[in-house]
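J.: One structure coming up, written as structure tokens, with questions to follow.
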Amino acid sequence: MTQQSVATSNKLDAAVLKVAGVVVLGAVMSILDVTVVSVAIPTFQREFDASYARVAWTMTAYTLALATVIPLSGWAADRFGTKRLYMVALALFTIGSGLCATADSIGELIAWRVVQGLGGGMLMPLGMTIMTRAAGPHRIGRLMAVLGIPMLLGPIGGPILGGWLIDTASWHWIFLINVPIGVVALVYAQLALPKDAPEPSESFDFLGMLMLSPGLALFLYGVSSLPEAGTVTDPEVWLPMAAGAALVVAFVRYSFRPRHPLLDLRLFRNRNLTVAALTLVVFIIAFMGAGLLFPSYFLQIRGETTLNAGLLMAPQGIGAMLTMPIGGMLADRVPIGRTAPFSLVLIAAGFFTFTQVGTDTSYVLLCGSLFVMGLGMGGTMMPIMTSALKTLNAADVARGSTLVNILQQIAGSVGAAMMSVILTSELNGSRPIPGVTDPGTGAPVTEAQLAIAVQQQPELAQQFPVPPSLIERGLDFAASSFATTFWVAFGLAVLTFVPAAFLPRRREPSHLLDGESGEEQRPTPVPMH
């Protein structure tokens, strides 16, 4: 093959871009949905007359369904074909979205969110599988960069879109908007995705499913209960976590016995996959956990509207967009061990600014720091995921995709719960206001609680006869609580440098086409995430 033909083959041709378009549509639907719903929680509380703990399950139920169905995607992709399964996932997600908009109670909404999660849980791993097969080994980084854009922009565009839809229409439209997009994606998938050639040669690991899926669901349920309970000793936290962990440990011991386990932990024998996965887990715990608190700081400490808080987060997405294509190209050409540390330095630098936040920290400084963090994100997350799977062979990439996806879900849930618990614990240390109680629960109101409430609803200051200095003191305490939580996130971001130091620093050949004969090789090579 000549140098010119190699260069040509490395470009993303029209056929590959068509496939990428289908996957990006599904990714946008799935990722935006999580962040759009996060800004609608106060609306759900008001509309359904439900507590925050109850309404929060509109997000928790989705995540649990997501984590439960992900382990099935690897086997199902081999058994039924990626195109067929991807279209089923799109249909489930679209139908679930429509049903969510019809909910008359919070219980119904939670139930329909489970249906959404069953579809959404398969969209990302299947999408990455389809994209890797379409791209081939030499263009993975570029295509992963394309898919990475909605992954990074979801937390930015979601709050903006959700706030706008709720303000101009109603909460129903945060779900209804998925219906026409889902229909278009289904038609597009039918036309653009290559025909399936499934090979149902493997038996389904029913025993593994009965251990892993409920184990993950129970463990994540316990983790998600941490912010409400406030302590790991609460039975609602430790009992499901212990039961879930026991099931997962049992699965780990069992998974090395069958020839085709539900989740192939033998892949961890690949050093590059293990190091990249560990780096990714520590990174996601830090970034995704603290990332949920950035808009909360703008809402609760600075008194911004939901829409404005989303707009203030935009610099992070802009930074990611600038470096994502560069990170994709470098992932194809330069060992990840030489590029990731530079991106991690940018992320740590951005985090450090938030450890110093107060009640009047400059927006220029904060938005600049978010922009710098975005620059680092674009060169970190997707390239590390590419590195995790690039040296696997054709037969292993689908299972590798499932493995990395599950680690992402667990790390994200643990990070969010950890940061929420730390912040709640810090805020609970605020002084209670003598003689002031919550009208709904009768519990004492702290200075920080009242200050945050007044920032979001200034009219409350007229209902509580307290001096302005008390509210100012409470707001200072709340800002300090956020800063303390960001210190923990900063520490975890720095800790990411430890596994990152072991990422490959020498160029290694891709094995994605290993096992496929030159003449019988299908035009669509292999899976990935």
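Letters A, B, ... mark the chains of the structure tokens in the order given; residue numbers begin at 1 per chain; ligand numbers begin at 1, in order shown.
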Compile a residue-level contact table for stretch 62-135 of chain A against stretch 185-193 of chain A at a cut-off of 12 Å, reporting for every qualifying residue the shortest atom pair and its distance in Å to one decimal, with only C-alpha atoms counted, rows ordered by chain and ascending number, as JSON lines.
T.:
```
{"residue": "A:Gly81", "atom": "CA", "partner": "A:Leu193", "partner_atom": "CA", "distance": 11.2}
{"residue": "A:Thr82", "atom": "CA", "partner": "A:Leu193", "partner_atom": "CA", "distance": 9.2}
{"residue": "A:Lys83", "atom": "CA", "partner": "A:Leu193", "partner_atom": "CA", "distance": 6.4}
{"residue": "A:Arg84", "atom": "CA", "partner": "A:Gln190", "partner_atom": "CA", "distance": 8.9}
{"residue": "A:Leu85", "atom": "CA", "partner": "A:Ala189", "partner_atom": "CA", "distance": 11.0}
{"residue": "A:Tyr86", "atom": "CA", "partner": "A:Ala189", "partner_atom": "CA", "distance": 8.3}
{"residue": "A:Met87", "atom": "CA", "partner": "A:Leu186", "partner_atom": "CA", "distance": 6.1}
{"residue": "A:Val88", "atom": "CA", "partner": "A:Leu186", "partner_atom": "CA", "distance": 9.0}
{"residue": "A:Ala89", "atom": "CA", "partner": "A:Leu186", "partner_atom": "CA", "distance": 9.7}
{"residue": "A:Leu90", "atom": "CA", "partner": "A:Leu186", "partner_atom": "CA", "distance": 6.6}
{"residue": "A:Ala91", "atom": "CA", "partner": "A:Leu186", "partner_atom": "CA", "distance": 7.3}
{"residue": "A:Leu92", "atom": "CA", "partner": "A:Leu186", "partner_atom": "CA", "distance": 10.9}
{"residue": "A:Phe93", "atom": "CA", "partner": "A:Leu186", "partner_atom": "CA", "distance": 10.9}
{"residue": "A:Thr94", "atom": "CA", "partner": "A:Leu186", "partner_atom": "CA", "distance": 9.5}
{"residue": "A:Ile95", "atom": "CA", "partner": "A:Leu186", "partner_atom": "CA", "distance": 11.9}
{"residue": "A:Leu123", "atom": "CA", "partner": "A:Ala185", "partner_atom": "CA", "distance": 11.6}
{"residue": "A:Gly127", "atom": "CA", "partner": "A:Leu193", "partner_atom": "CA", "distance": 10.8}
{"residue": "A:Ile130", "atom": "CA", "partner": "A:Leu193", "partner_atom": "CA", "distance": 8.4}
{"residue": "A:Met131", "atom": "CA", "partner": "A:Leu193", "partner_atom": "CA", "distance": 10.0}
{"residue": "A:Arg133", "atom": "CA", "partner": "A:Leu193", "partner_atom": "CA", "distance": 10.9}
{"residue": "A:Ala134", "atom": "CA", "partner": "A:Leu193", "partner_atom": "CA", "distance": 9.3}
```
J.: Please provide the set of residues having any atom within 12 Å of A:Phe268, restricted to only C-alpha atoms, with same-chain residues fewer than 3 positions apart removed, written as a ChimeraX atom specification.
T.: /A:252,256,263-265,271-278,388-389,392,396,399-400,403-404
J.: Listing only residues of stretch 408-460 of chain A within 7 Å of stretch 283-292 of chain A, what is the closest atom pair and its distance in Å (to one decimal) for each, using only C-alpha atoms, sorted by chain and residue number ascending, as a tab-separated table?
T.:
```
residue	atom	partner	partner_atom	distance
A:Ala411	CA	A:Ile285	CA	5.1
A:Gly412	CA	A:Ile285	CA	5.6
A:Val414	CA	A:Ile285	CA	6.5
A:Gly415	CA	A:Ile285	CA	4.0
A:Ala416	CA	A:Gly289	CA	3.9
A:Met419	CA	A:Gly289	CA	5.7
```
J.: Figure out the distance between atom CA of A:Ser296 and atom CA of A:Gly435, please, to one decimal in Å.
T.: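 Spanning atom CA of A:Gly435 to atom CA of A:Ser296 is a straight-line distance of 28.0 Å.
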J.: Near A:Ala65, within 12 Å and counting only C-alpha atoms, which residues show up once chain neighbours fewer than 2 positions away are dropped, as a count of residues only?
T.: 36
J.: With a distance cut-off of 6 Å and only C-alpha atoms, select the neighbouring residues of stretch 241-248 of chain A, excluding the residue or stretch itself and same-chain residues fewer than 6 positions from it, and output the selection as a list in words.
T.: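 Final neighbour list, sorted by chain and number: Met211, Leu212, Gly215, Leu218, Phe219 and Gly222 of chain A.
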J.: Could the residues in this selection be written to a file with N, CA, C and O atoms, as a compact mmCIF listing (two decimals), in the first residue's frame?
T.:
```
# COMPACT_ATOMS: atom_id res chain seq x y z
N MET A 211 -26.23 -12.92 38.95
CA MET A 211 -25.35 -12.38 39.99
C MET A 211 -24.95 -10.94 39.71
O MET A 211 -25.03 -10.08 40.58
N LEU A 212 -24.53 -10.66 38.48
CA LEU A 212 -23.95 -9.34 38.19
C LEU A 212 -24.99 -8.23 38.10
O LEU A 212 -24.84 -7.17 38.72
N GLY A 215 -26.53 -7.48 41.39
CA GLY A 215 -25.46 -6.99 42.25
C GLY A 215 -25.15 -5.53 41.97
O GLY A 215 -25.02 -4.72 42.89
N LEU A 218 -28.19 -3.34 43.14
CA LEU A 218 -28.25 -3.18 44.60
C LEU A 218 -27.13 -2.26 45.10
O LEU A 218 -27.36 -1.39 45.93
N PHE A 219 -25.92 -2.45 44.56
CA PHE A 219 -24.81 -1.62 45.00
C PHE A 219 -25.04 -0.15 44.65
O PHE A 219 -24.85 0.75 45.48
N GLY A 222 -27.61 1.42 46.93
CA GLY A 222 -27.02 1.83 48.20
C GLY A 222 -26.21 3.11 48.08
O GLY A 222 -26.32 4.01 48.91
```
J.: Would you compute the distance between atom CA of A:Thr402 and atom CA of A:Ser73? Give it in Å to one decimal.
T.: 6.8 Å
J.: Among stretch 383-506 of chain A, which residues carry a DSSP assignment of helix (DSSP H, G or I), reported as number ranges by chain?
T.: A: 383-390, 397-427, 447-456, 458-462, 468-495, 497-500
J.: I'd like the contact shell of stretch 368-383 of chain A - 8 Å cut-off, only C-alpha atoms, skipping same-chain residues fewer than 5 positions apart - returned as an NGL selection string.
T.: :A and (141 or 144-145 or 148 or 152 or 280 or 313 or 315-328 or 331 or 336 or 339-340 or 342-351 or 353)
J.: When distances are computed from only C-alpha atoms, which of A:Gly429, A:Gly98, A:Gly182, A:Pro504 shows the smallest separation from A:Val24?
T.: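 Looking only at the distances to A:Val24, the closest residue turns out to be A:Gly182.
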J.: Interatomic distance between atom CA of A:Ala461 and atom CA of A:Thr355?
T.: 28.7 Å
J.: Write out as a list in words all residues of stretch 266-502 of chain A that backbone DSSP assigns to strand (DSSP E).
T.: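 Everything in stretch 266-502 of chain A that counts as strand (DSSP E) is Pro432, Ile433, Pro434, Gly435, Val436, Thr437, Pro444, Val445 and Thr446 of chain A.
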J.: Would you save the residues from that selection as a PDB file, in the first residue's frame, using C-alpha atoms?
T.:
```
ATOM      1  CA  PRO A 432     -29.080  26.190  63.750  1.00  0.00           C
ATOM      2  CA  ILE A 433     -31.075  29.429  63.992  1.00  0.00           C
ATOM      3  CA  PRO A 434     -32.787  29.661  67.423  1.00  0.00           C
ATOM      4  CA  GLY A 435     -36.563  29.509  67.152  1.00  0.00           C
ATOM      5  CA  VAL A 436     -36.628  28.915  63.384  1.00  0.00           C
ATOM      6  CA  THR A 437     -37.966  25.587  62.083  1.00  0.00           C
ATOM      7  CA  PRO A 444     -34.407  23.305  62.956  1.00  0.00           C
ATOM      8  CA  VAL A 445     -33.215  25.507  60.089  1.00  0.00           C
ATOM      9  CA  THR A 446     -29.483  26.235  59.908  1.00  0.00           C
TER      10      THR A 446
END
```
J.: Looking at only C-alpha atoms, which of A:Cys367, A:Val36, A:Met329, A:Ile301 is the one that sits closest to A:Ser480?
T.: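 Selected residue with least distance to A:Ser480: A:Ile301.
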